[in-house]
Amino acid sequence: MTKTTSLLTAVAMIALAAPAFADDTPSSTSQTKEESDANGNYYKKTTTESTDAAGTTSESTKKVKVKHASNGDVKKTVESESSTDPKGLWNKTTASSSTTEEQKADGSTNYHHTKKINGTTVEDDKTQTN
């Protein structure tokens with residue numbers, strides 16, 4: 001009986017120690033997609049994901065769009081989203097921002113920038129110039 005108990009205790013200790021030797025190697029991936037056409041329209045999307053040795057996962061996405069209209073108007077949009085998720089529960093933070101610039105053929109410009117952190121707007125800037 002003592003031999004069986006000792007064997008089961010040893011097996012249990014090995015099984016519980018295995019997660020301590022888990023792979024904590026940092027990793028990172030990135031992907032970019034670009035498109036453009038003959039009219040000068042442009043689209044680019046970059047997605048990055050990384051995990052550090054402590055288990056913190058970071059993700060970010062950035063989209064850039066440029067559209068040209070036949071009347072000479074140009075609209076540029078940059079959208080960014082990022083999140084950081086440290087190991088554990090309920091501690092993920094997110095941030096997003098959007099910047100739009102519209103240049104009209106008559107020389108006027110409309111600019112709009114918005115930034116949100118964890119869903120709450122912290123910046124909202126609108127500007128119009130002639």
# chains A, B, ... in the order shown; residues from 1 in each chain; ligands from 1
>>> closest_atom_pairs(of="region 52-97 of chain A", to="region 108-126 of chain A", cutoff="8 Å", atoms="only C-alpha atoms", output="Markdown table")
| residue | atom | partner | partner_atom | distance |
| --- | --- | --- | --- | --- |
| A:Thr93 | CA | A:Asn118 | CA | 6.0 |
| A:Thr94 | CA | A:Asn118 | CA | 5.0 |
| A:Ala95 | CA | A:Ile117 | CA | 4.3 |
| A:Ser96 | CA | A:Lys116 | CA | 5.2 |
| A:Ser97 | CA | A:Lys115 | CA | 4.2 |
>>> write_last_selection(atoms="N, CA and C atoms", output="PDB file, in the first residue's frame")
ATOM      1  N   THR A  93      -7.354  46.049 -21.971  1.00  0.00           N
ATOM      2  CA  THR A  93      -7.590  47.454 -22.303  1.00  0.00           C
ATOM      3  C   THR A  93      -7.607  47.603 -23.822  1.00  0.00           C
ATOM      4  N   THR A  94      -8.487  48.470 -24.310  1.00  0.00           N
ATOM      5  CA  THR A  94      -8.589  48.706 -25.748  1.00  0.00           C
ATOM      6  C   THR A  94      -8.530  50.204 -26.023  1.00  0.00           C
ATOM      7  N   ALA A  95      -8.033  50.530 -27.194  1.00  0.00           N
ATOM      8  CA  ALA A  95      -7.989  51.925 -27.634  1.00  0.00           C
ATOM      9  C   ALA A  95      -8.257  51.951 -29.131  1.00  0.00           C
ATOM     10  N   SER A  96      -8.979  52.950 -29.565  1.00  0.00           N
ATOM     11  CA  SER A  96      -9.237  53.101 -30.998  1.00  0.00           C
ATOM     12  C   SER A  96      -9.215  54.588 -31.332  1.00  0.00           C
ATOM     13  N   SER A  97      -8.801  54.874 -32.556  1.00  0.00           N
ATOM     14  CA  SER A  97      -8.821  56.255 -33.010  1.00  0.00           C
ATOM     15  C   SER A  97      -9.179  56.279 -34.487  1.00  0.00           C
TER      16      SER A  97
END
>>> residues_around(residues="Lys45 (chain A)", least_positions_apart="2", cutoff="6 Å", atoms="only C-alpha atoms", output="PDB file with all heavy atoms, in the first residue's frame")
ATOM      1  N   THR A  32       0.139  42.471 -43.762  1.00  0.00           N
ATOM      2  CA  THR A  32      -0.207  43.724 -44.436  1.00  0.00           C
ATOM      3  C   THR A  32      -0.887  43.416 -45.755  1.00  0.00           C
ATOM      4  O   THR A  32      -0.456  42.540 -46.491  1.00  0.00           O
ATOM      5  CB  THR A  32       1.056  44.577 -44.689  1.00  0.00           C
ATOM      6  OG1 THR A  32       1.675  44.857 -43.437  1.00  0.00           O
ATOM      7  CG2 THR A  32       0.709  45.876 -45.377  1.00  0.00           C
ATOM      8  N   LYS A  33      -1.951  44.170 -46.040  1.00  0.00           N
ATOM      9  CA  LYS A  33      -2.675  44.038 -47.305  1.00  0.00           C
ATOM     10  C   LYS A  33      -2.763  45.426 -47.924  1.00  0.00           C
ATOM     11  O   LYS A  33      -3.163  46.377 -47.260  1.00  0.00           O
ATOM     12  CB  LYS A  33      -4.076  43.493 -47.045  1.00  0.00           C
ATOM     13  CG  LYS A  33      -4.929  43.371 -48.263  1.00  0.00           C
ATOM     14  CD  LYS A  33      -6.328  42.878 -47.915  1.00  0.00           C
ATOM     15  CE  LYS A  33      -7.205  42.830 -49.125  1.00  0.00           C
ATOM     16  NZ  LYS A  33      -8.559  42.393 -48.796  1.00  0.00           N
ATOM     17  N   LYS A  62      -4.346  48.698 -38.188  1.00  0.00           N
ATOM     18  CA  LYS A  62      -4.345  50.055 -38.731  1.00  0.00           C
ATOM     19  C   LYS A  62      -4.820  49.992 -40.171  1.00  0.00           C
ATOM     20  O   LYS A  62      -4.297  49.222 -40.967  1.00  0.00           O
ATOM     21  CB  LYS A  62      -2.947  50.661 -38.666  1.00  0.00           C
ATOM     22  CG  LYS A  62      -2.892  52.100 -39.120  1.00  0.00           C
ATOM     23  CD  LYS A  62      -1.511  52.684 -38.918  1.00  0.00           C
ATOM     24  CE  LYS A  62      -1.477  54.147 -39.286  1.00  0.00           C
ATOM     25  NZ  LYS A  62      -0.147  54.733 -39.059  1.00  0.00           N
ATOM     26  N   LYS A  63      -5.838  50.808 -40.491  1.00  0.00           N
ATOM     27  CA  LYS A  63      -6.382  50.878 -41.845  1.00  0.00           C
ATOM     28  C   LYS A  63      -6.191  52.286 -42.387  1.00  0.00           C
ATOM     29  O   LYS A  63      -6.499  53.260 -41.701  1.00  0.00           O
ATOM     30  CB  LYS A  63      -7.875  50.554 -41.847  1.00  0.00           C
ATOM     31  CG  LYS A  63      -8.221  49.165 -41.389  1.00  0.00           C
ATOM     32  CD  LYS A  63      -9.727  48.989 -41.361  1.00  0.00           C
ATOM     33  CE  LYS A  63     -10.114  47.698 -40.691  1.00  0.00           C
ATOM     34  NZ  LYS A  63     -11.569  47.581 -40.548  1.00  0.00           N
TER      35      LYS A  63
END
>>> atom_distance(atom1="CA of Lys87 (chain A)", atom2="CA of Thr47 (chain A)")
21.0 Å
>>> select_by_dssp(residues="region 36-119 of chain A", states="strand (DSSP E or B)", output="PyMOL selection string")
chain A and resi 36+42-51+57-68+74-85+93-103+109-117
>>> closest_residue(among="A:Ser6, A:Ser27, A:Ser58, A:Thr77", to="Asn41 (chain A)", atoms="only C-alpha atoms")
A:Thr77
>>> closest_residue(among="A:Asp106, A:Glu34, A:Asp85, A:Glu101", to="Ala54 (chain A)", atoms="only C-alpha atoms")
A:Asp85
>>> residues_around(residues="Lys76 (chain A)", least_positions_apart="6", cutoff="8 Å", atoms="only C-alpha atoms", output="list in words")
Val64, Lys65, Val66, Lys67, Thr100, Glu101 and Glu102 of chain A
>>> write_last_selection(atoms="N, CA, C and O atoms", output="short mmCIF file (atom, residue, chain, number, x, y, z; two decimals), in the first residue's frame")
data_model
loop_
_atom_site.label_atom_id
_atom_site.label_comp_id
_atom_site.auth_asym_id
_atom_site.auth_seq_id
_atom_site.Cartn_x
_atom_site.Cartn_y
_atom_site.Cartn_z
N VAL A 64 -5.68 52.38 -43.60
CA VAL A 64 -5.50 53.66 -44.27
C VAL A 64 -6.26 53.61 -45.58
O VAL A 64 -6.08 52.68 -46.37
N LYS A 65 -7.14 54.61 -45.81
CA LYS A 65 -7.92 54.68 -47.05
C LYS A 65 -7.77 56.07 -47.64
O LYS A 65 -7.86 57.07 -46.93
N VAL A 66 -7.53 56.14 -48.95
CA VAL A 66 -7.49 57.40 -49.67
C VAL A 66 -8.41 57.25 -50.87
O VAL A 66 -8.25 56.33 -51.66
N LYS A 67 -9.40 58.14 -50.98
CA LYS A 67 -10.35 58.08 -52.10
C LYS A 67 -10.32 59.41 -52.84
O LYS A 67 -10.40 60.47 -52.23
N THR A 100 -10.12 61.57 -40.06
CA THR A 100 -10.60 61.77 -41.42
C THR A 100 -10.28 63.18 -41.86
O THR A 100 -10.54 64.14 -41.13
N GLU A 101 -9.74 63.29 -43.06
CA GLU A 101 -9.44 64.60 -43.65
C GLU A 101 -10.04 64.63 -45.04
O GLU A 101 -9.75 63.77 -45.87
N GLU A 102 -10.91 65.61 -45.27
CA GLU A 102 -11.54 65.77 -46.57
C GLU A 102 -11.07 67.08 -47.19
O GLU A 102 -11.33 68.15 -46.64
#
>>> select_by_dssp(residues="chain A", states="alpha helix (DSSP H)", output="NGL selection string")
:A and (2-17)
>>> atom_distance(atom1="CA of Pro86 (chain A)", atom2="CA of Ile14 (chain A)")
27.5 Å
